[in-house]
Every structure is written in structure tokens, then in C-alpha cells.
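Participant: Below is a structure I'd like to ask you about.
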There are 4 protein chains.
Amino acid sequence: MINVTVWNECRHEVEDEDVKEVYPETIGGCIVNNLEPFGFNLTLATLDDPEQGLSDELIENTDVLIWWGHRYHDELNDALIDKLQARVLAGMGLIMLHSSHHAKLFKRLMGTSCNLSWREAEGGERERVWCLKPSHPIAEGIPAQIELPQSEMYGEPFDIPEPDELIFNSWYQGGEVMRSGCTYTRGRGRVFFFSPGHETFPIFRNPHIIRVLANAIQWTNQSHQTGWSLGNWGRPEPLEPGAPRQTYFKKPRKLMVAEKLAASKKPK
Amino acid sequence: MINVTVWNECRHEVEDEDVKEVYPETIGGCIVNNLEPFGFNLTLATLDDPEQGLSDELIENTDVLIWWGHRYHDELNDALIDKLQARVLAGMGLIMLHSSHHAKLFKRLMGTSCNLSWREAEGGERERVWCLKPSHPIAEGIPAQIELPQSEMYGEPFDIPEPDELIFNSWYQGGEVMRSGCTYTRGRGRVFFFSPGHETFPIFRNPHIIRVLANAIQWTNQSHQTGWSLGNWGRPEPLEPGAPRQTYFKKPRKLMVAEKLAASKKPK
Amino acid sequence: MINVTVWNECRHEVEDEDVKEVYPETIGGCIVNNLEPFGFNLTLATLDDPEQGLSDELIENTDVLIWWGHRYHDELNDALIDKLQARVLAGMGLIMLHSSHHAKLFKRLMGTSCNLSWREAEGGERERVWCLKPSHPIAEGIPAQIELPQSEMYGEPFDIPEPDELIFNSWYQGGEVMRSGCTYTRGRGRVFFFSPGHETFPIFRNPHIIRVLANAIQWTNQSHQTGWSLGNWGRPEPLEPGAPRQTYFKKPRKLMVAEKLAASKKPK
Amino acid sequence: MINVTVWNECRHEVEDEDVKEVYPETIGGCIVNNLEPFGFNLTLATLDDPEQGLSDELIENTDVLIWWGHRYHDELNDALIDKLQARVLAGMGLIMLHSSHHAKLFKRLMGTSCNLSWREAEGGERERVWCLKPSHPIAEGIPAQIELPQSEMYGEPFDIPEPDELIFNSWYQGGEVMRSGCTYTRGRGRVFFFSPGHETFPIFRNPHIIRVLANAIQWTNQSHQTGWSLGNWGRPEPLEPGAPRQTYFKKPRKLMVAEKLAASKKPK
């Protein structure tokens with residue numbers, strides 16, 4: 001069974017009346033409830049939990065992490081982000097939702113500003129999520145377009161590296177487009193960014209959106225995590241017989257350098 | 001004329017006798033000297049210069065930055081790396097050489113560990129840099145293979161995102177291969193990683209290698225840097241007439257949040 | 001000077017009154033006229049010219065070929081398409097416009113059906129061509145969006161391989177999106193597909209659209225076409241001393257096979 | 001159960017004594033035998049079977065097609081290749097082995113010459129297949145390198161489009177490298193090219209190679225083939241209320257054109 005941790009900032013649900021109304025069970029709670037029937041082992045975590053919701057043990061035991069953050073990205077501890085980045089590189093799947101485009105973790109993995117254009121119209125505006133790759137595992141069971149009657153506009157230009165695969169491409173009533181479903185590989189880990197999911201609209205109650213999440217969990221999850229890792233791999237012996245071998249470092253390099261520096265500082 | 005800054009750690013050249021012998025003018029000096037005939041406006045900078053060699057003014061006036069670092073990546077100020085990353089995203093070209101695969105700046109832009117396998121055989125080993133894309137601007141004038149009689153092995157697995165384009169692919173005498181010439185786009189900036197260039201071998205005296213650098217300067221340089229940027233672009237008005245507009249935020253959002261928080265803390 | 005050949009089917013301009021009105025000088029003529037100020041060496045060719053407009057000599061002397069076809073794709077000689085494909089692989093730039101998505105030449109280079117969804121509303125509908133990569137050479141001088149008041153809808157799903165780079169992404173009034181500016185590399189040649197350009201709307205009179213074409217000519221043109229080619233390269237001698245060499249084929253392989261077959265058919 | 005068809009040219013096994021010795025059960029037979037334990041539904045087909053081994057019914061019922069061809073690519077009927085290409089675009093998985101790089105079907109799907117460099121040393125030469133993506137499904141259970149003591153050299157430059165993902169990268173004793181494991185998506189279908197597998201060496205008896213094939217079957221197989229297809233999708237009605245609709249074509253376009261042409265030919 002895939003261990004899925006749903007991390008949710010969960011402050012809007014306390015601070016904003018309109019969000020409370022739309023998601024009385026919180027955004028994270030809604031996602032967890034709706035993913036239940038798919039048979040994942042689901043854990044809910046929030047920013048205000050101890051250790052910002054993500055203990056070392058939980059991180060270690062998470063196969064796929066779903067992330068929803070918005071207003072308080074800056075509060076996340078850098079040391080926690082270090083751990084999460086390392087865990088993704090070691091093979092954990094990662095699904096970044098909506099305003100998480102500006103989360104520290106996403107910007108770390110992309111290397112860009114992840115800026116975009118946006119507009120939060122009162123009452124929202126129509127979004128159509130077009131599916132470009134009907135046979136991709138993430139698109140299984142998804143129609144050619146998902147119509148969202150109320151959405152926040154998140155549009156181009158979106159400052160991301162060229163996605164490995166562009167699965168969804170959104171249309172907005174107000175005149176914009178958005179690469180709304182993008183896959184990436186980072187180290188051993190797979191990353192999926194999915195832009196729908198504003199806090200004041202019941203987008204996480206749309207069965208197609210939930211199906212995308214369930215599919216993305218299956219896709220980002222790596223069934224085999226026991227293999228060799230992408231390490232800093234010093235290999236003194238050549239693989240080919242007769243090729244030169246490394247005889248250079250009789251002592252560890254750091255020690256050698258330390259000695260040299262010490263020598264260079266000696267009074268003359 | 002393209003403004004090229006060649007940044008070199010320039011400590012090996014002080015600390016190691018064998019490097020001094022190979023590059024008495026320093027690695028950065030050798031690169032600058034050999035690029036002279038191509039007509040760039042070249043500036044040399046090193047780690048031990050004031051402001052670690054990269055003042056705000058120099059950063060601002062650099063079109064393309066070439067980077068060679070190895071032993072002292074950790075000494076680079078994070079605030080400087082922030083500036084350089086922002087400058088790349090704003091359009092500066094970047095060429096990362098050899099052991100700079102582990103430079104803070106490169107890891108920032110890639111989002112991965114950038115680990116690889118390596119072996120420094122005494123006397124080096126043969127490397128063949130195969131060219132996969134003969135018509136790419138970076139490969140102009142380059143033969144199907146560049147033979148380097150002495151090189152340090154830098155091999156796969158190399159923990160990088162899938163390159164936008166793989167231009168060079170290296171063979172090593174000891175049995176390894178390496179994606180040795182990789183292009184990336186980050187924000188408005190173009191990045192080229194090139195793996196040959198060990199400090200104890202005269203690789204930067206090889207005319208093909210210098211030609212690759214000159215080509216890469218041309219390619220990473222963006223001739224048009226005056227355009228619009230990839231910003232955080234709030235756009236209250238829809239482009240389409242009749243579409244919903246943003247009336248939500250009568251005050252700046254931050255202020256609204258502050259007020260709500262203040263209200264929620266009021267004694268009742 | 002770059003030799004640009006503008007190939008135009010040029011039958012709509014004869015058969016359809018509404019096209020005649022919009023492009024009395026023909027679509028190809030309009031493109032040629034508007035590209036004049038950029039200093040290219042421009043040649044106009046049409047389907048009804050001798051050799052379908054593309055003699056061997058012209059093909060050989062074309063650096064960049066611009067293609068607009070629609071209703072008569074099937075009339076193109078397969079032998080001509082063979083030549084053009086070979087010329088692209090050898091380094092000619094190629095710009096495929098609008099309904100050329102279904103041209104034999106484009107389908108050959110993509111390997112897919114190149115199907116899309118489409119709607120030709122009377123009077124057209126609004127299209128917004130969003131620019132995703134402001135610093136790409138093809139986007140030089142182009143604003144964040146080009147608004148086309150009248151366009152034919154060409155929308156997703158568009159059956160193409162994942163583009164090397166997605167430069168433009170279009171929005172349509174009727175509710176669709178389209179990857180409208182895509183780059184590819186095939187052999188030594190660069191290919192740019194650009195979807196705006198319906199025959200009944202004066203899109204090729206829009207200065208931004210013309211600028212995109214001029215930029216794309218510069219980008220698809222390979223300044224160096226004299227280098228080595230991507231051939232079928234039998235190499236009997238290993239590059240490494242001591243490695244096994246090919247002694248297998250004392251005679252040409254085809255001859256060997258022919259002899260074997262002859263022997264096997266001998267009466268016994 | 002996944003329906004896998006293993007197509008093998010199967011002429012070397014008749015014509016060449018040395019191939020008969022290495023693969024008395026034929027190459028296709030060896031692959032089928034070694035894939036048996038993985039639980040696929042395997043069918044063997046050869047060029048000299050009726051309908052060149054691939055009846056319409058078999059094509060329709062194949063989930064994944066494995067292809068090994070070499071000397072007689074030209075004999076394949078173009079109409080059969082049309083069918084196979086269409087079947088891949090409709091979702092069939094495809095695995096192209098070794099000398100199939102020059103198969104009509106592969107060149108169709110790539111759009112390039114698929115040329116490479118090659119050397120068939122007597123007794124072969126060592127190949128090391130390096131794995132670049134240890135966590136990719138195709139690499140499950142595969143070590144960092146597969147050593148093949150005897151192989152034919154297939155090396156760069158290899159004239160293919162930039163792969164979606166580069167999984168394997170090979171080293172050769174004679175001095176070459178090769179992108180030896182490449183993934184592509186074409187239409188709804190997934191394609192994997194894998195270069196090891198020369199007819200005179202027992203490479204298809206290597207358990208790692210067989211494991212790669214079994215993994216690639218799982219990866220290229222699309223579990224969901226019932227969805228909507230990437231068709232030529234005329235959509236007269238806009239999705240957005242109020243947007244212009246298509247009223248232009250009261251009759252089918254072809255008929256309109258025919259009428260116009262007829263009218264234009266009328267004597268006046």
C-alpha cells in the first residue's frame with residue numbers, strides 16, 4: 001500500500017471565513033477524505049503540527065507527499081526543506097498543488113522563480129483543464145477537458161524549466177492560458193505540479209480533479225526504492241584492465257589540503 | 001561586444017605544485033588568454049578578490065559568466081549565490097566547467113545533488129568527447145570527437161535533470177561514459193554545463209575545447225535583455241470583456257491578513 | 001544573406017472569393033512582401049509552379065523553407081517530400097505554418113498524425129498567442145501576448161511529439177488552448193511549427209506575427225552547414241589501440257549475402 | 001495479461017552459420033523463451049510468416065510489439081508499416097531492438113535517418129551499458145552497469161530526435177559511446193529503443209538484458225486503451241457561451257470545393 005502524506009498549510013481554514021465555508025473539513029481533510037476510496041495509506045499533516053507536521057520518521061515513511069501551501073511559505077524551516085529535497089532525490093514522489101508553485105520546496109527543485117500571472121476574481125472565473133496526453137498514466141479516465149466553473153486564474157508566463165511532459169494545459173475565461181499539469185524528474189524522485197485548487201472554490205470536490213491526484217500518486221510513487229543511489233561515487237579502480245588507476249590520494253583529500261595549508265602558514 | 005566574466009576559484013594554483021606547473025597563469029588566466037582572439041570583453045575574477053570577485057556592478061554588467069570552482073564551493077556567500085541565481089533568471093548566460101558541477105550556483109539551478117562518479121588516475125586517462133549535435137551552435141567547427149589524452153574521469157550516474165539538449169557525450173579509457181555537454185534554460189537565462197577541464201591537465205589549452213567555450217558564450221548570451229520579465233504578475237482586470245474582474249482585494253492582502261489576525265486576538 | 005523560400009499552396013487564392021479579398025497578393029506574396037525589410041533573400045514558390053515549385057537547385061540553395069499548405073497536401077509528390085526531408089536532416093531550416101500541420105512533410109518529420117481540433121467560426125474568433133519564453137531568439141521583440149481579433153480555432157489535443165521547446169501557447173474565445181509555437185530538431189535541421197495564419201483573416205499582416213517569422217528564420221537557419229553529417233558510418237578500425245578491429249567483412253556485406261543466397265539455391 | 005508479439009526478421013538464423021550456432025532457437029525464440037517466466041502472453045512472428053507475420057487481427061490484439069530486424073528492412077510492405085504506425089499512435093507499445101534502428105517503422109516514428117556509426121569486430125568488443133536513471137520503471141532491478149563481454153559497436157553520432165528520457169548510455173572498448181536506451185511518446189503510444197542485441201553474440205541470454213525487456217514491456221504497455229483518441233476533431237460549436245460558432249460550412253467542405261471547381265470550369 002502506498003503511504004501518502006497530505007501536507008496542508010491549513011491557516012486559511014482558520015483565518016478566512018469564506019475558506020471555512022468551502023472547506024469546513026480543511027483542504028487537506030477534503031483531499032484525504034476523497035482519496036480514501038482509492039486504497040492509499042493516508043496521513044494528514046499541517047504547518048501547525050509539531051515539527052511543522054513532518055517528523056523525520058514520517059518523511060522516511062512517506063512514498064508520496066502532496067503539498068498545499070500559500071500564505072506562509074516563508075515559515076517553513078530551511079532545515080526541513082533540506083530534508084524534503086533530499087528525500088525527493090532519494091525517490092519520494094511529490095505532488096505540488098496550486099499556490100505551492102511558490103513553496104520553498106518547489107522553487108528548490110525547479111531552480112527558477114516559479115512566478116506566474118494571477119487574478120482572483122470575485123466569484124471566480126471559468127477554467128478548462130485540457131488534457132494533452134490521454135494515454136499518460138496521470139490522465140487515465142480523464143476526459144479531453146475538465147470544466148471548472150469557478151477558479152482563480154493562474155496563467156502564463158510561468159517561470160519553470162521546460163517540463164519533462166506537459167499533461168494538462170488550462171484555459172481561463174479572462175483570456176489566459178497555463179501549463180497546469182507538468183511532470184519532472186529530480187534525482188530518483190518524480191514530481192508533478194498541478195495548478196487547479198484555489199482555497200475559496202470547491203475544486204477538490206470535483207471527481208476528475210481527485211482522479212488526477214489518485215493517478216499522480218500512482219505515477220510519482222516509485223515501486224522500487226531499494227536500488228543504488230545517485231551518490232558522490234569515487235572509484236579509484238578503473239573498470240577496464242590496463243587503464244590507469246587512481247594512486248594519487250594516499251591520504252584523504254581534506255587532510256592533504258589541511259596539511260598543505262598548515263605548511264603554507266608556517267613562519268619562515 | 002559580449003561582456004564575459006571568467007570566475008575562477010584560483011586556490012589550486014596557489015596550493016598545488018602540479019597545478020602551478022600546468023597553469024602558471026592560473027586556469028582563469030588561461031581561459032581569458034585563449035578567448036582573447038574571439039573578440040569578447042573579458043574580465044577575470046577569483047574567490048579571493050574583494051566581494052569574492054563579483055561586485056553588484058560586475059554582476060549587472062556581465063552578459064555571460066564562466067565558472068570554475070572545486071575545493072571551496074562552501075565558502076561562497078549564500079547572498080552572492082542568491083544574486084547570481086537572480087541574474088541568470090533575468091537573462092545572464094552561464095557556463096559551468098568541470099568540478100563546478102558541485103558549485104552552489106549549479107545545484108541551485110538544477111535542484112538535484114549533481115553527484116557523479118569520478119576517478120583521478122595518476123597521469124590521467126584518455127577521454128573522447130563525442131559530439132551528438134553537429135549543427136548546434138555550440139558545436140560549430142567541432143569534429144565528431146575531441147580526443148583528450150589526459151583527463152580526470154567524471155562519469156555516470158550524473159544526478160542532473162534531463163538536459164534540454166545533450167550536445168556532448170564522453171568516453172573514458174577506464175570504462176565510463178558521461179553526459180559532458182548539457183544545455184538548460186532557467187528563467188530568461190541559458191546554462192551550459194561542460195565537464196572537461198581538470199586542474200592538472202592542460203585541457204584549456206586544447207583549441208577544440210576553447211572553441212566550445214567561445215561557441216557557448218555566443219549561445220548562452222541573450223542578445224535581447226530589455227524585454228519583459230517573468231515576474232509575479234497580479235492582473236486584476238481580465239483581458240476578455242465581460243469576464244469576471246478582481247474586486248476582492250480592496251486593500252493589500254497583507255494588510256487584510258494582519259487585521260484579521262489582530263481581530264482574532266482581541267479579547268472577547 | 002539567408003536564402004528563404006516561401007512555399008505556398010496558392011489554390012485558396014484562386015478558388016475562394018473571400019481569400020482573394022483578404023490576400024489579393026496571395027498568402028505567400030504577403031509573407032514575402034512583409035519579410036522584405038528584414039534583408040533576407042526571398043523566393044516565392046507555389047504548388048502549381050513547375051516541379052511543384054521546388055526544383056533540386058532551389059532546394060539545394062534554400063537555407064530556410066517556409067511552408068503554407070491546406071487543401072491539397074495529398075498532391076505533393078512523395079519523391080519531392082523525400083528530398084525535402086533529406087534536406088532538412090542535412091541542415092535546412094523549416095517553418096511550418098497553420099494548416100501545414102497536416103502536410104506530408106510535417107507528418108514525416110513528427111512521426112505522428114498531427115491531428116488537432118478545429119473550428120472555423122464565421123467572422124472568426126479571438127486568439128491570444130501567449131509567449132512562454134520571452135528570451136528565446138524566436139520571441140525577440142514580442143510582447144507577452146499577441147491578440148488576434150479574428151482567427152480560426154486550432155486546439156488541443158494536438159497529436160505531436162513533446163516539443164523541444166514550447167515558445168507560444170494560444171487561448172481561444174471559444175474555450176480552447178493550443179501549443180501554437182513549437183521547436184524541434186531533426187537531424188542537422190531545426191523545425192518551427194507556428195499555428196496562427198488562417199487564409200480568411202489578415203493574420204500575416206500583423207507586425208508581431210511577421211516578427212515571429214523573421215525571428216524563426218534566424219533561429220532555424222544554421223550558420224554552419226559545411227561540417228560532417230549524420231551518416232551511416234562504418235568504422236572498421238577501433239579508435240583505441242589494442243581494441244578488436246573489424247576483420248569480418250573481407251567483401252562487402254551485400255555481396256556476401258548474395259553469394260550465400262546463391263549457394264543455398266544450388267541444386268544438390 | 002499483457003499481449004506481447006515478438007517479431008523477428010529470422011533470416012540470419014537461416015543464412016548465417018554463426019548465427020545458427022548462437023541462436024539455434026532463433027533470436028525471437030530466445031527472447032520468447034526468456035520472457036516466459038514473467039507471465040506475458042507471448043506470440044512469435046517472423047518476416048516469412050503469412051502477411052509478414054502480422055495479420056490485422058494480431059496487430060489489433062497486440063499490447064506491446066518487440067521488433068528485431070536487420071538485413072531485409074526494405075522487404076516490409078509499406079501498407080503494413082502504415083498499419084503498425086497507426087496502431088502505435090492508437091496506444092500499442094513498441095520496443096525496437098539493435099539493428100531495428102534502421103527499420104522502416106522506427107524511421108517513420110522518428111522522422112530522421114536513424115543513422116549511427118558501427119563496427120563489427122571479429123569476436124566482438126566489450127560494451128558497458130550504463131544506467132542513468134536508476135528509479136525509472138525500465139531500470140528496475142538493473143545495476144549501475146551491465147557488462148557485455150562481446151558486442152557489436154553501435155555508436156554516436158546517432159541521428160535521432162532528442163529522447164524524452166535517456167535511460168541507458170553505452171561505452172565501447174574501441175572508443176565509442178551510444179545513447180543505448182531511449183524513450184519516446186508518439187500519439188498514445190510509448191516507444192523504447194534499446195541498442196544491445198547483435199545476432200552473433202548471446203546478448204539475449206544475459207539476464208539483465210532480459211530484465212530490461214520485461215520492464216520495458218510493462219512501461220510501454222498502456223493499461224488504459226479505451227479512452228478518447230487524438231483525432232481530427234472538427235467542433236462547430238464553441239464551448240463558451242456567446243463565442244462565435246461555425247456557420248460557414250453548410251455542406252461538407254469537400255463537396256463545396258468540388259462545386260466551386262466545377263463552376264469555375266463551366267463554359268461562359
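Each chain in the C-alpha cells gets a letter, A, B, ..., in the order shown, and its residues are numbered from 1; ligands are numbered from 1 in order too.
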I'd like the neighbourhood of stretch 134-151 of chain B as a ChimeraX atom specification, where a residue qualifies if any of its atoms comes within 7 Å (using only C-alpha atoms), though same-chain residues fewer than 2 positions away should be ignored.
Facilitator: /B:123-132,153,198,201,208,212,215-216,219 /C:188,222,224
Participant: Enumerate as a VMD selection string all residues of stretch 59-150 of chain C assigned to alpha helix (DSSP H) by DSSP on the backbone, naming them with the chain letters and numbers the document uses.
Facilitator: chain C and resid 59 to 60 78 to 89 104 to 110
Participant: Distance atom CA of D:Ser223-atom CA of D:Val191, one decimal place?
Facilitator: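 Taking atom CA of D:Ser223 and atom CA of D:Val191, their separation equals 14.8 Å.
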Participant: Set out as a Markdown table a contact list for chain D and chain B with a cut-off of 12 Å, giving each residue of chain D that qualifies its closest atom pair and distance in Å to one decimal, counting only C-alpha atoms, ordered by chain and rising residue number.
Facilitator:
| residue | atom | partner | partner_atom | distance |
| --- | --- | --- | --- | --- |
| D:Asn115 | CA | B:Leu132 | CA | 11.9 |
| D:Leu116 | CA | B:Leu132 | CA | 10.4 |
| D:Ser117 | CA | B:Ala144 | CA | 10.9 |
| D:Arg126 | CA | B:Gly175 | CA | 9.6 |
| D:Glu127 | CA | B:Gly175 | CA | 8.9 |
| D:Arg128 | CA | B:Gly175 | CA | 7.3 |
| D:Val129 | CA | B:Val177 | CA | 9.3 |
| D:Trp130 | CA | B:Glu156 | CA | 7.1 |
| D:Cys131 | CA | B:Pro157 | CA | 6.9 |
| D:Leu132 | CA | B:Pro157 | CA | 5.1 |
| D:Lys133 | CA | B:Pro157 | CA | 7.7 |
| D:Pro134 | CA | B:Pro157 | CA | 8.6 |
| D:Ser135 | CA | B:Asp159 | CA | 11.7 |
| D:Pro143 | CA | B:Pro157 | CA | 11.1 |
| D:Ala144 | CA | B:Pro157 | CA | 7.6 |
| D:Gln145 | CA | B:Glu176 | CA | 9.3 |
| D:Ile146 | CA | B:Gly175 | CA | 11.6 |
| D:Glu147 | CA | B:Gly175 | CA | 10.0 |
| D:Gly155 | CA | B:Trp130 | CA | 9.6 |
| D:Glu156 | CA | B:Leu132 | CA | 6.5 |
| D:Pro157 | CA | B:Leu132 | CA | 5.2 |
| D:Phe158 | CA | B:Leu132 | CA | 7.1 |
| D:Asp159 | CA | B:Leu132 | CA | 8.2 |
| D:Ile160 | CA | B:Leu132 | CA | 9.7 |
| D:Pro161 | CA | B:Glu165 | CA | 10.2 |
| D:Glu162 | CA | B:Glu165 | CA | 7.0 |
| D:Pro163 | CA | B:Glu165 | CA | 9.5 |
| D:Asp164 | CA | B:Glu162 | CA | 8.5 |
| D:Glu165 | CA | B:Glu162 | CA | 7.0 |
| D:Leu166 | CA | B:Glu162 | CA | 7.8 |
| D:Ile167 | CA | B:Glu162 | CA | 10.1 |
| D:Phe168 | CA | B:Glu156 | CA | 10.0 |
| D:Asn169 | CA | B:Val177 | CA | 7.1 |
| D:Ser170 | CA | B:Val177 | CA | 7.0 |
| D:Trp171 | CA | B:Val177 | CA | 6.0 |
| D:Tyr172 | CA | B:Gly175 | CA | 7.9 |
| D:Gln173 | CA | B:Gly175 | CA | 7.7 |
| D:Gly174 | CA | B:Gln173 | CA | 9.6 |
| D:Gly175 | CA | B:Trp171 | CA | 6.6 |
| D:Glu176 | CA | B:Trp171 | CA | 6.4 |
| D:Val177 | CA | B:Trp171 | CA | 6.0 |
| D:Met178 | CA | B:Asn169 | CA | 8.3 |
| D:Arg179 | CA | B:Asn169 | CA | 8.8 |
| D:Ser180 | CA | B:Val177 | CA | 11.8 |
| D:Glu240 | CA | B:Ala243 | CA | 11.5 |
| D:Pro241 | CA | B:Gly242 | CA | 11.8 |
| D:Gly242 | CA | B:Gly242 | CA | 10.7 |
| D:Ala243 | CA | B:Glu240 | CA | 11.5 |
Participant: Could you write out, as a PyMOL selection string, all the residues of stretch 18-215 of chain A that DSSP marks as strand (DSSP E)?
Facilitator: chain A and resi 41-46+64-68+93-97+117-119+125-131+145-151+153-155+165-172+177-186+189-194
Participant: Show me a table, sorted first by chain and then by increasing residue number, of the residues of stretch 89-158 of chain B having an atom at most 12 Å from stretch 60-76 of chain B, each with its shortest atom pair and the distance in Å to one decimal, counting only C-alpha atoms and written as CSV.
Facilitator:
residue,atom,partner,partner_atom,distance
B:Ala90,CA,B:Glu60,CA,10.2
B:Gly91,CA,B:Asp63,CA,8.0
B:Met92,CA,B:Asp63,CA,5.1
B:Gly93,CA,B:Val64,CA,4.3
B:Leu94,CA,B:Leu65,CA,4.9
B:Ile95,CA,B:Ile66,CA,4.7
B:Met96,CA,B:Trp67,CA,5.0
B:Leu97,CA,B:Trp68,CA,5.3
B:His98,CA,B:Trp68,CA,7.0
B:Ser99,CA,B:His70,CA,5.1
B:Ser100,CA,B:Gly69,CA,5.0
B:His101,CA,B:His70,CA,8.6
B:His102,CA,B:His73,CA,7.3
B:Ala103,CA,B:His73,CA,5.4
B:Lys104,CA,B:His73,CA,6.5
B:Leu105,CA,B:His73,CA,9.1
B:Phe106,CA,B:Trp67,CA,9.6
B:Lys107,CA,B:His73,CA,10.9
Participant: Could you write those residues out with N, CA and C atoms, as a short mmCIF file (atom, residue, chain, number, x, y, z; two decimals), in the first residue's frame?
Facilitator:
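Printed below is result-v7.cif as written:
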data_model
loop_
_atom_site.label_atom_id
_atom_site.label_comp_id
_atom_site.auth_asym_id
_atom_site.auth_seq_id
_atom_site.Cartn_x
_atom_site.Cartn_y
_atom_site.Cartn_z
N ALA B 90 17.23 36.43 -14.84
CA ALA B 90 16.95 37.67 -15.58
C ALA B 90 17.61 37.69 -16.95
N GLY B 91 18.42 36.69 -17.28
CA GLY B 91 18.92 36.61 -18.64
C GLY B 91 20.42 36.44 -18.82
N MET B 92 21.21 36.45 -17.75
CA MET B 92 22.66 36.26 -17.92
C MET B 92 22.95 34.83 -18.35
N GLY B 93 23.85 34.66 -19.29
CA GLY B 93 24.29 33.32 -19.67
C GLY B 93 25.25 32.76 -18.63
N LEU B 94 25.29 31.43 -18.51
CA LEU B 94 26.14 30.79 -17.50
C LEU B 94 26.77 29.54 -18.08
N ILE B 95 28.09 29.44 -17.91
CA ILE B 95 28.83 28.25 -18.36
C ILE B 95 29.55 27.67 -17.16
N MET B 96 29.16 26.46 -16.78
CA MET B 96 29.74 25.82 -15.61
C MET B 96 30.73 24.76 -16.07
N LEU B 97 31.97 24.86 -15.56
CA LEU B 97 33.03 23.97 -16.04
C LEU B 97 33.41 22.92 -15.00
N HIS B 98 33.56 21.70 -15.47
CA HIS B 98 34.17 20.60 -14.73
C HIS B 98 33.64 20.46 -13.30
N SER B 99 34.51 20.66 -12.31
CA SER B 99 34.14 20.40 -10.91
C SER B 99 33.11 21.40 -10.39
N SER B 100 32.75 22.35 -11.19
CA SER B 100 31.67 23.27 -10.83
C SER B 100 30.32 22.56 -10.80
N HIS B 101 30.30 21.31 -11.18
CA HIS B 101 29.05 20.54 -11.06
C HIS B 101 28.56 20.56 -9.62
N HIS B 102 29.49 20.69 -8.67
CA HIS B 102 29.09 20.72 -7.26
C HIS B 102 29.04 22.15 -6.69
N ALA B 103 29.17 23.16 -7.56
CA ALA B 103 29.08 24.54 -7.08
C ALA B 103 27.66 24.83 -6.58
N LYS B 104 27.58 25.65 -5.56
CA LYS B 104 26.26 26.01 -5.02
C LYS B 104 25.34 26.53 -6.13
N LEU B 105 25.90 27.37 -7.00
CA LEU B 105 25.08 28.00 -8.03
C LEU B 105 24.48 26.97 -8.98
N PHE B 106 25.26 25.97 -9.34
CA PHE B 106 24.76 24.95 -10.26
C PHE B 106 23.69 24.09 -9.59
N LYS B 107 23.95 23.70 -8.33
CA LYS B 107 22.97 22.88 -7.63
C LYS B 107 21.67 23.65 -7.43
#
Participant: Need to verify the contact set: B:Arg190, 6 Å, only C-alpha atoms, exclusion of same-chain residues closer than 2 positions in sequence. Can you return it as a ChimeraX atom specification?
Facilitator: /B:93,184-185,220
